[in-house]
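Asks: Provided herewith is a single structure, encoded as structure tokens, for subsequent inquiry.
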Amino acid sequence: MAILAPRLPLTAEELFDLRDGGGRCELVSGEIIRLTPIGAEHGVVTARIASALDEYVEANDLGVCCGADTGFILERDPDTVRAPDAAVVLASRVPASGVPVGYWPFAPDLAVEVISPSDRLADVHVKIAEYFAAGTRLVWLVEPETRMVHVYRSPQQVEVLGIDDDLDGGDVLPGFQCPIRRLFPSDS
């Protein structure tokens, strides 16, 4: 049986329906962008960030922490769906009906992107700009290779933190503190 290629531009809903057979991907202006599986170091860093965020968000009843590959609709017509490595949606924005089965219909309050060796920095900066244009208030760009975190409070306002610094949640997650050292495997 022949498998027909989806027509373009694709909508967020059509992408969601493809999720079981489509593999890891995002949707940019209606076009599917295939993503390769992440490496082990990237996976460890992503898990540690999501764990620290989830623990804090849950303990303080602040909203919902989302793990890697959770889709957020950043733009419509044509649709853009991005999947940060970790994200937080504050309680005030979670629909009364609860967490949606499909993609979140808006940008996260906090988006975390962990750089992979295959990532092009120009593409990551485009993604950061998309998050802010869609309403994200804070973006953490994590670089396992340099063990640095770039904290974006806007596309132009960035603070670079090193391994001996503490990451904080700013006005998005007041009181959140995490030593950057905790995010990275000790043997790399």
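Letters for chains follow the order of the structure tokens (A, B, ...), residue numbers begin at 1 for each chain, and ligand numbers begin at 1 in the order shown.
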Can you list every residue in range 61-131 of chain A that DSSP puts in helix (DSSP H, G or I), as a list in words?
Replies: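 Here is the list: Ala91, Ser92, Arg93, Leu121, Ala122, Asp123, Val124, His125, Val126, Lys127, Ile128, Ala129, Glu130 and Tyr131 of chain A.
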Asks: Write a file of the just-selected residues containing all heavy atoms, as a tab-separated table (two decimals), in the first residue's frame.
Replies:
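Everything below was put into part-v4.tsv:
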```tsv
chain	number	residue	atom	x	y	z
A	91	ALA	N	0.16	28.21	35.94
A	91	ALA	CA	-1.20	27.77	36.28
A	91	ALA	C	-2.27	28.70	35.72
A	91	ALA	O	-3.32	28.24	35.29
A	91	ALA	CB	-1.34	27.66	37.80
A	92	SER	N	-2.01	29.99	35.70
A	92	SER	CA	-3.00	30.95	35.21
A	92	SER	C	-3.33	30.76	33.73
A	92	SER	O	-4.36	31.23	33.25
A	92	SER	CB	-2.52	32.39	35.44
A	92	SER	OG	-1.31	32.62	34.72
A	93	ARG	N	-2.48	30.02	33.02
A	93	ARG	CA	-2.69	29.81	31.58
A	93	ARG	C	-3.17	28.41	31.23
A	93	ARG	O	-3.51	28.14	30.08
A	93	ARG	CB	-1.39	30.14	30.84
A	93	ARG	CG	-1.03	31.62	31.03
A	93	ARG	CD	0.22	32.02	30.29
A	93	ARG	NE	0.03	31.88	28.87
A	93	ARG	CZ	0.91	31.29	28.05
A	93	ARG	NH1	2.04	30.80	28.52
A	93	ARG	NH2	0.67	31.20	26.77
A	121	LEU	N	23.58	27.26	15.31
A	121	LEU	CA	23.26	28.36	16.21
A	121	LEU	C	22.27	29.34	15.58
A	121	LEU	O	21.39	29.86	16.26
A	121	LEU	CB	24.54	29.08	16.65
A	121	LEU	CG	24.49	29.73	18.01
A	121	LEU	CD1	23.95	28.81	19.09
A	121	LEU	CD2	25.84	30.28	18.40
A	122	ALA	N	22.38	29.60	14.29
A	122	ALA	CA	21.45	30.50	13.61
A	122	ALA	C	20.02	29.98	13.71
A	122	ALA	O	19.08	30.76	13.95
A	122	ALA	CB	21.85	30.69	12.16
A	123	ASP	N	19.85	28.66	13.56
A	123	ASP	CA	18.51	28.06	13.67
A	123	ASP	C	17.97	28.18	15.09
A	123	ASP	O	16.77	28.42	15.30
A	123	ASP	CB	18.54	26.59	13.26
A	123	ASP	CG	18.84	26.40	11.78
A	123	ASP	OD1	18.64	27.34	10.99
A	123	ASP	OD2	19.30	25.29	11.42
A	124	VAL	N	18.84	28.01	16.08
A	124	VAL	CA	18.43	28.13	17.48
A	124	VAL	C	17.99	29.56	17.78
A	124	VAL	O	16.98	29.78	18.46
A	124	VAL	CB	19.55	27.67	18.43
A	124	VAL	CG1	19.18	27.91	19.88
A	124	VAL	CG2	19.87	26.20	18.20
A	125	HIS	N	18.70	30.54	17.26
A	125	HIS	CA	18.31	31.94	17.48
A	125	HIS	C	16.98	32.27	16.82
A	125	HIS	O	16.20	33.06	17.37
A	125	HIS	CB	19.42	32.88	17.03
A	125	HIS	CG	20.56	32.92	18.01
A	125	HIS	ND1	21.83	32.59	17.66
A	125	HIS	CD2	20.60	33.21	19.33
A	125	HIS	CE1	22.62	32.69	18.71
A	125	HIS	NE2	21.89	33.04	19.75
A	126	VAL	N	16.69	31.67	15.67
A	126	VAL	CA	15.38	31.84	15.04
A	126	VAL	C	14.30	31.29	15.97
A	126	VAL	O	13.26	31.92	16.19
A	126	VAL	CB	15.33	31.14	13.66
A	126	VAL	CG1	13.90	31.01	13.15
A	126	VAL	CG2	16.19	31.89	12.65
A	127	LYS	N	14.57	30.12	16.53
A	127	LYS	CA	13.61	29.49	17.44
A	127	LYS	C	13.37	30.37	18.68
A	127	LYS	O	12.23	30.54	19.12
A	127	LYS	CB	14.14	28.11	17.85
A	127	LYS	CG	13.11	27.18	18.42
A	127	LYS	CD	13.71	25.84	18.83
A	127	LYS	CE	13.97	24.95	17.68
A	127	LYS	NZ	14.25	23.55	18.10
A	128	ILE	N	14.43	30.94	19.24
A	128	ILE	CA	14.30	31.83	20.40
A	128	ILE	C	13.43	33.03	20.04
A	128	ILE	O	12.53	33.40	20.81
A	128	ILE	CB	15.69	32.26	20.91
A	128	ILE	CG1	16.41	31.08	21.56
A	128	ILE	CG2	15.57	33.42	21.90
A	128	ILE	CD1	17.88	31.32	21.83
A	129	ALA	N	13.66	33.62	18.89
A	129	ALA	CA	12.85	34.76	18.45
A	129	ALA	C	11.39	34.36	18.28
A	129	ALA	O	10.48	35.12	18.65
A	129	ALA	CB	13.41	35.33	17.14
A	130	GLU	N	11.14	33.16	17.76
A	130	GLU	CA	9.77	32.67	17.61
A	130	GLU	C	9.09	32.53	18.97
A	130	GLU	O	7.92	32.90	19.12
A	130	GLU	CB	9.75	31.33	16.88
A	130	GLU	CG	10.09	31.42	15.42
A	130	GLU	CD	10.22	30.05	14.76
A	130	GLU	OE1	10.22	29.01	15.47
A	130	GLU	OE2	10.34	30.03	13.54
A	131	TYR	N	9.81	31.98	19.94
A	131	TYR	CA	9.22	31.83	21.28
A	131	TYR	C	8.79	33.19	21.82
A	131	TYR	O	7.65	33.36	22.29
A	131	TYR	CB	10.22	31.20	22.26
A	131	TYR	CG	10.44	29.73	22.10
A	131	TYR	CD1	11.72	29.20	22.03
A	131	TYR	CD2	9.37	28.83	22.05
A	131	TYR	CE1	11.94	27.84	21.89
A	131	TYR	CE2	9.58	27.47	21.91
A	131	TYR	CZ	10.88	26.98	21.83
A	131	TYR	OH	11.08	25.63	21.70
```
Asks: Sorted by chain and rising residue number, list the residues of range 88-175 of chain A at most 9 Å from range 30-52 of chain A (counting only C-alpha atoms), each with its closest atom pair and distance in Å to one decimal, as CSV.
Replies:
```
residue,atom,partner,partner_atom,distance
A:Val112,CA,A:Ile49,CA,8.4
A:Glu113,CA,A:Thr46,CA,8.5
A:Val114,CA,A:His42,CA,6.8
A:Ile115,CA,A:His42,CA,7.6
A:Ser116,CA,A:His42,CA,6.5
A:Pro117,CA,A:Gly39,CA,8.8
A:Ser118,CA,A:Thr36,CA,8.9
A:Val142,CA,A:Val45,CA,8.6
A:Pro144,CA,A:His42,CA,7.2
```
Asks: Write out as number ranges by chain all residues of chain A that backbone DSSP assigns to strand (DSSP E).
Replies: A: 25-28, 31-34, 63-66, 72-75, 80-82, 86-90, 110-114, 138-143, 148-152, 158-161, 166-169, 173-179
Asks: Please report the interatomic distance between CA of Thr136 in chain A and CA of Asp17 in chain A in Å with one decimal.
Replies: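 Between CA of Thr136 in chain A and CA of Asp17 in chain A the gap works out to 25.5 Å.
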Asks: Do you have the CA of Pro9 in chain A-CA of Ser29 in chain A distance handy?
Replies: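 Answer for the CA of Pro9 in chain A to CA of Ser29 in chain A separation: 7.2 Å.
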Asks: Fewer than 5 positions away in the same chain doesn't count, so skip those; otherwise give me all residues within 8 Å of range 167-183 of chain A, counting only C-alpha atoms, as JSON, numbers by chain.
Replies: {"A": [45, 48, 49, 52, 56, 57, 62, 109, 110, 137, 138, 147, 148, 149, 161, 162]}
Asks: Which residue gives the smallest distance to Asn60 in chain A among A:Asp77, A:Val160, A:Arg82, A:Leu90, with only C-alpha atoms counted?
Replies: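 Once distances to Asn60 in chain A are computed over only C-alpha atoms, the minimum belongs to A:Leu90.
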